[in-house]
Amino acid sequence: MIADKSYAYFALMGDDFDPSEITKVLGIEPTDSWSKGDTGKHIQRLKYTCWELRSSRDESLNMNSLIKDVIDQLKGKECQINQLKVKFGLTSVIRLVMYIDTHEESSTPFLGHEMEEISFLYETETSTDVDIYRYNSAGNT
């Protein structure tokens, strides 16, 4: 059965860097990290290095709360993030992985950004991405 809870994560990605350096500078343990060439879940060899920080909870309706949760964990680290991006040639993204229940009796999720989140995205030159997956909970108990 497909997951019915959405989540968000912040990722720093680049060609070749040591993810433990990101952890050391930010003082935050990543939820996940890997190096270019590692074995992936869906592909044999990963094509880039990544440091990820996931939302501390899952959600089914309020998508903005997930993004806010991730940004709250990074609050005050904007300068360090920008320095790391320059030093290692990194890009950053906040990705929202959204599960939409197509069952007619289910509520649909909502998304909107507060000024604090927009400010963080702007200050760190972080892009956003949304992956949307559909499922139908009808008949599942």
# chains A, B, ... in the order shown; residues from 1 in each chain; ligands from 1
$ residues_around --residues "A:Ser35" --least-positions-apart "5" --cutoff "9 Å" --atoms "only C-alpha atoms" --output "list in words"
Asp15, Asp16, Phe17, Asp18, Pro19, Leu46, Lys47, Tyr48, Thr49, Cys50 and Trp51 of chain A
$ write_last_selection --atoms "N, CA, C and O atoms" --output "PDB file, in the first residue's frame"
ATOM      1  N   ASP A  15      28.351  17.803  -7.225  1.00  0.00           N
ATOM      2  CA  ASP A  15      29.056  16.749  -7.945  1.00  0.00           C
ATOM      3  C   ASP A  15      29.846  15.857  -7.004  1.00  0.00           C
ATOM      4  O   ASP A  15      29.718  14.647  -7.036  1.00  0.00           O
ATOM      5  N   ASP A  16      30.656  16.461  -6.149  1.00  0.00           N
ATOM      6  CA  ASP A  16      31.521  15.648  -5.299  1.00  0.00           C
ATOM      7  C   ASP A  16      31.936  16.463  -4.078  1.00  0.00           C
ATOM      8  O   ASP A  16      32.724  17.389  -4.188  1.00  0.00           O
ATOM      9  N   PHE A  17      31.376  16.126  -2.936  1.00  0.00           N
ATOM     10  CA  PHE A  17      31.741  16.762  -1.674  1.00  0.00           C
ATOM     11  C   PHE A  17      31.510  15.759  -0.567  1.00  0.00           C
ATOM     12  O   PHE A  17      30.861  14.729  -0.767  1.00  0.00           O
ATOM     13  N   ASP A  18      32.028  16.040   0.601  1.00  0.00           N
ATOM     14  CA  ASP A  18      31.850  15.146   1.742  1.00  0.00           C
ATOM     15  C   ASP A  18      30.636  15.620   2.546  1.00  0.00           C
ATOM     16  O   ASP A  18      30.686  16.691   3.166  1.00  0.00           O
ATOM     17  N   PRO A  19      29.533  14.855   2.552  1.00  0.00           N
ATOM     18  CA  PRO A  19      28.340  15.278   3.293  1.00  0.00           C
ATOM     19  C   PRO A  19      28.604  15.531   4.771  1.00  0.00           C
ATOM     20  O   PRO A  19      27.919  16.351   5.394  1.00  0.00           O
ATOM     21  N   LEU A  46      24.472   6.346  -8.076  1.00  0.00           N
ATOM     22  CA  LEU A  46      23.956   7.714  -7.940  1.00  0.00           C
ATOM     23  C   LEU A  46      24.876   8.688  -8.666  1.00  0.00           C
ATOM     24  O   LEU A  46      26.095   8.560  -8.618  1.00  0.00           O
ATOM     25  N   LYS A  47      24.274   9.664  -9.307  1.00  0.00           N
ATOM     26  CA  LYS A  47      25.009  10.572 -10.180  1.00  0.00           C
ATOM     27  C   LYS A  47      25.472  11.864  -9.505  1.00  0.00           C
ATOM     28  O   LYS A  47      26.104  12.692 -10.126  1.00  0.00           O
ATOM     29  N   TYR A  48      25.123  12.060  -8.230  1.00  0.00           N
ATOM     30  CA  TYR A  48      25.517  13.263  -7.510  1.00  0.00           C
ATOM     31  C   TYR A  48      25.592  12.954  -6.017  1.00  0.00           C
ATOM     32  O   TYR A  48      25.082  11.945  -5.549  1.00  0.00           O
ATOM     33  N   THR A  49      26.212  13.852  -5.282  1.00  0.00           N
ATOM     34  CA  THR A  49      26.313  13.743  -3.828  1.00  0.00           C
ATOM     35  C   THR A  49      25.213  14.603  -3.218  1.00  0.00           C
ATOM     36  O   THR A  49      24.868  15.657  -3.757  1.00  0.00           O
ATOM     37  N   CYS A  50      24.656  14.162  -2.085  1.00  0.00           N
ATOM     38  CA  CYS A  50      23.520  14.867  -1.513  1.00  0.00           C
ATOM     39  C   CYS A  50      23.522  14.797   0.011  1.00  0.00           C
ATOM     40  O   CYS A  50      23.924  13.789   0.603  1.00  0.00           O
ATOM     41  N   TRP A  51      23.071  15.880   0.633  1.00  0.00           N
ATOM     42  CA  TRP A  51      22.826  15.980   2.078  1.00  0.00           C
ATOM     43  C   TRP A  51      21.376  16.406   2.218  1.00  0.00           C
ATOM     44  O   TRP A  51      20.977  17.446   1.678  1.00  0.00           O
TER      45      TRP A  51
END
$ residues_around --residues "A:Ile118" --least-positions-apart "2" --cutoff "12 Å" --atoms "only C-alpha atoms" --output "list in words"
Asn64, Ile67, Lys68, Ile71, Ile94, Gly112, His113, Glu114, Met115, Glu116, Phe120, Leu121, Tyr122, Glu123, Thr124, Glu125, Thr126, Ser127 and Thr128 of chain A
$ closest_residue --among "A:Lys5, A:Arg54, A:Arg95, A:Lys77" --to "A:Glu29" --atoms "only C-alpha atoms"
A:Arg54
$ closest_residue --among "A:Tyr133, A:Leu12, A:Thr31, A:Thr39" --to "A:Gly89" --atoms "only C-alpha atoms"
A:Leu12
$ select_by_dssp --residues "stretch 5-107 of chain A" --states "strand (DSSP E or B)" --output "number ranges by chain"
A: 6-14, 32-34, 49-54, 59, 62, 91-101
$ select_by_dssp --residues "stretch 25-67 of chain A" --states "alpha helix (DSSP H)" --output "VMD selection string"
chain A and resid 25 to 26 63 to 67
$ write_last_selection --atoms "all heavy atoms" --output "PDB file, in the first residue's frame"
ATOM      1  N   VAL A  25      29.460  21.808   9.660  1.00  0.00           N
ATOM      2  CA  VAL A  25      29.266  23.263   9.578  1.00  0.00           C
ATOM      3  C   VAL A  25      27.883  23.668  10.102  1.00  0.00           C
ATOM      4  O   VAL A  25      27.763  24.640  10.850  1.00  0.00           O
ATOM      5  CB  VAL A  25      29.470  23.765   8.133  1.00  0.00           C
ATOM      6  CG1 VAL A  25      29.036  25.219   7.987  1.00  0.00           C
ATOM      7  CG2 VAL A  25      30.931  23.601   7.714  1.00  0.00           C
ATOM      8  N   LEU A  26      26.847  22.928   9.716  1.00  0.00           N
ATOM      9  CA  LEU A  26      25.484  23.296  10.133  1.00  0.00           C
ATOM     10  C   LEU A  26      25.146  22.826  11.540  1.00  0.00           C
ATOM     11  O   LEU A  26      24.222  23.349  12.162  1.00  0.00           O
ATOM     12  CB  LEU A  26      24.452  22.736   9.142  1.00  0.00           C
ATOM     13  CG  LEU A  26      24.505  23.287   7.715  1.00  0.00           C
ATOM     14  CD1 LEU A  26      23.412  22.656   6.866  1.00  0.00           C
ATOM     15  CD2 LEU A  26      24.405  24.806   7.697  1.00  0.00           C
ATOM     16  N   MET A  63       0.334  21.255   3.634  1.00  0.00           N
ATOM     17  CA  MET A  63       1.661  21.099   3.044  1.00  0.00           C
ATOM     18  C   MET A  63       2.631  22.191   3.492  1.00  0.00           C
ATOM     19  O   MET A  63       3.814  21.949   3.656  1.00  0.00           O
ATOM     20  CB  MET A  63       1.578  21.095   1.513  1.00  0.00           C
ATOM     21  CG  MET A  63       0.721  19.983   0.934  1.00  0.00           C
ATOM     22  SD  MET A  63       1.297  18.336   1.345  1.00  0.00           S
ATOM     23  CE  MET A  63       0.185  17.863   2.654  1.00  0.00           C
ATOM     24  N   ASN A  64       2.116  23.399   3.716  1.00  0.00           N
ATOM     25  CA  ASN A  64       2.987  24.484   4.149  1.00  0.00           C
ATOM     26  C   ASN A  64       3.619  24.188   5.502  1.00  0.00           C
ATOM     27  O   ASN A  64       4.753  24.570   5.767  1.00  0.00           O
ATOM     28  CB  ASN A  64       2.232  25.812   4.204  1.00  0.00           C
ATOM     29  CG  ASN A  64       3.180  26.972   4.403  1.00  0.00           C
ATOM     30  OD1 ASN A  64       4.080  27.168   3.611  1.00  0.00           O
ATOM     31  ND2 ASN A  64       2.993  27.713   5.477  1.00  0.00           N
ATOM     32  N   SER A  65       2.902  23.465   6.370  1.00  0.00           N
ATOM     33  CA  SER A  65       3.469  23.152   7.684  1.00  0.00           C
ATOM     34  C   SER A  65       4.711  22.275   7.554  1.00  0.00           C
ATOM     35  O   SER A  65       5.622  22.360   8.376  1.00  0.00           O
ATOM     36  CB  SER A  65       2.426  22.484   8.580  1.00  0.00           C
ATOM     37  OG  SER A  65       2.137  21.174   8.138  1.00  0.00           O
ATOM     38  N   LEU A  66       4.764  21.446   6.521  1.00  0.00           N
ATOM     39  CA  LEU A  66       5.935  20.597   6.300  1.00  0.00           C
ATOM     40  C   LEU A  66       7.146  21.425   5.873  1.00  0.00           C
ATOM     41  O   LEU A  66       8.261  21.222   6.362  1.00  0.00           O
ATOM     42  CB  LEU A  66       5.628  19.544   5.233  1.00  0.00           C
ATOM     43  CG  LEU A  66       4.529  18.555   5.585  1.00  0.00           C
ATOM     44  CD1 LEU A  66       4.201  17.682   4.387  1.00  0.00           C
ATOM     45  CD2 LEU A  66       4.923  17.717   6.790  1.00  0.00           C
ATOM     46  N   ILE A  67       6.918  22.352   4.968  1.00  0.00           N
ATOM     47  CA  ILE A  67       8.007  23.221   4.514  1.00  0.00           C
ATOM     48  C   ILE A  67       8.478  24.099   5.664  1.00  0.00           C
ATOM     49  O   ILE A  67       9.674  24.273   5.879  1.00  0.00           O
ATOM     50  CB  ILE A  67       7.547  24.052   3.297  1.00  0.00           C
ATOM     51  CG1 ILE A  67       7.319  23.113   2.107  1.00  0.00           C
ATOM     52  CG2 ILE A  67       8.551  25.144   2.967  1.00  0.00           C
ATOM     53  CD1 ILE A  67       6.632  23.735   0.935  1.00  0.00           C
TER      54      ILE A  67
END
$ atom_distance --atom1 "atom CA of A:Asp129" --atom2 "atom CA of A:Leu96"
6.3 Å
$ closest_residue --among "A:Asn62, A:Thr23, A:Gly76, A:Leu90" --to "A:Ser107" --atoms "only C-alpha atoms"
A:Asn62
$ closest_residue --among "A:Asp58, A:Glu117, A:Glu105, A:Asp69" --to "A:Ser137" --atoms "only C-alpha atoms"
A:Glu105
$ atom_distance --atom1 "atom CA of A:Lys41" --atom2 "atom CA of A:Asn136"
24.9 Å
$ closest_residue --among "A:Met98, A:Leu61, A:Ile81, A:Ala11" --to "A:Phe110" --atoms "only C-alpha atoms"
A:Leu61
$ atom_distance --atom1 "atom CA of A:Tyr99" --atom2 "atom CA of A:Ala8"
11.4 Å
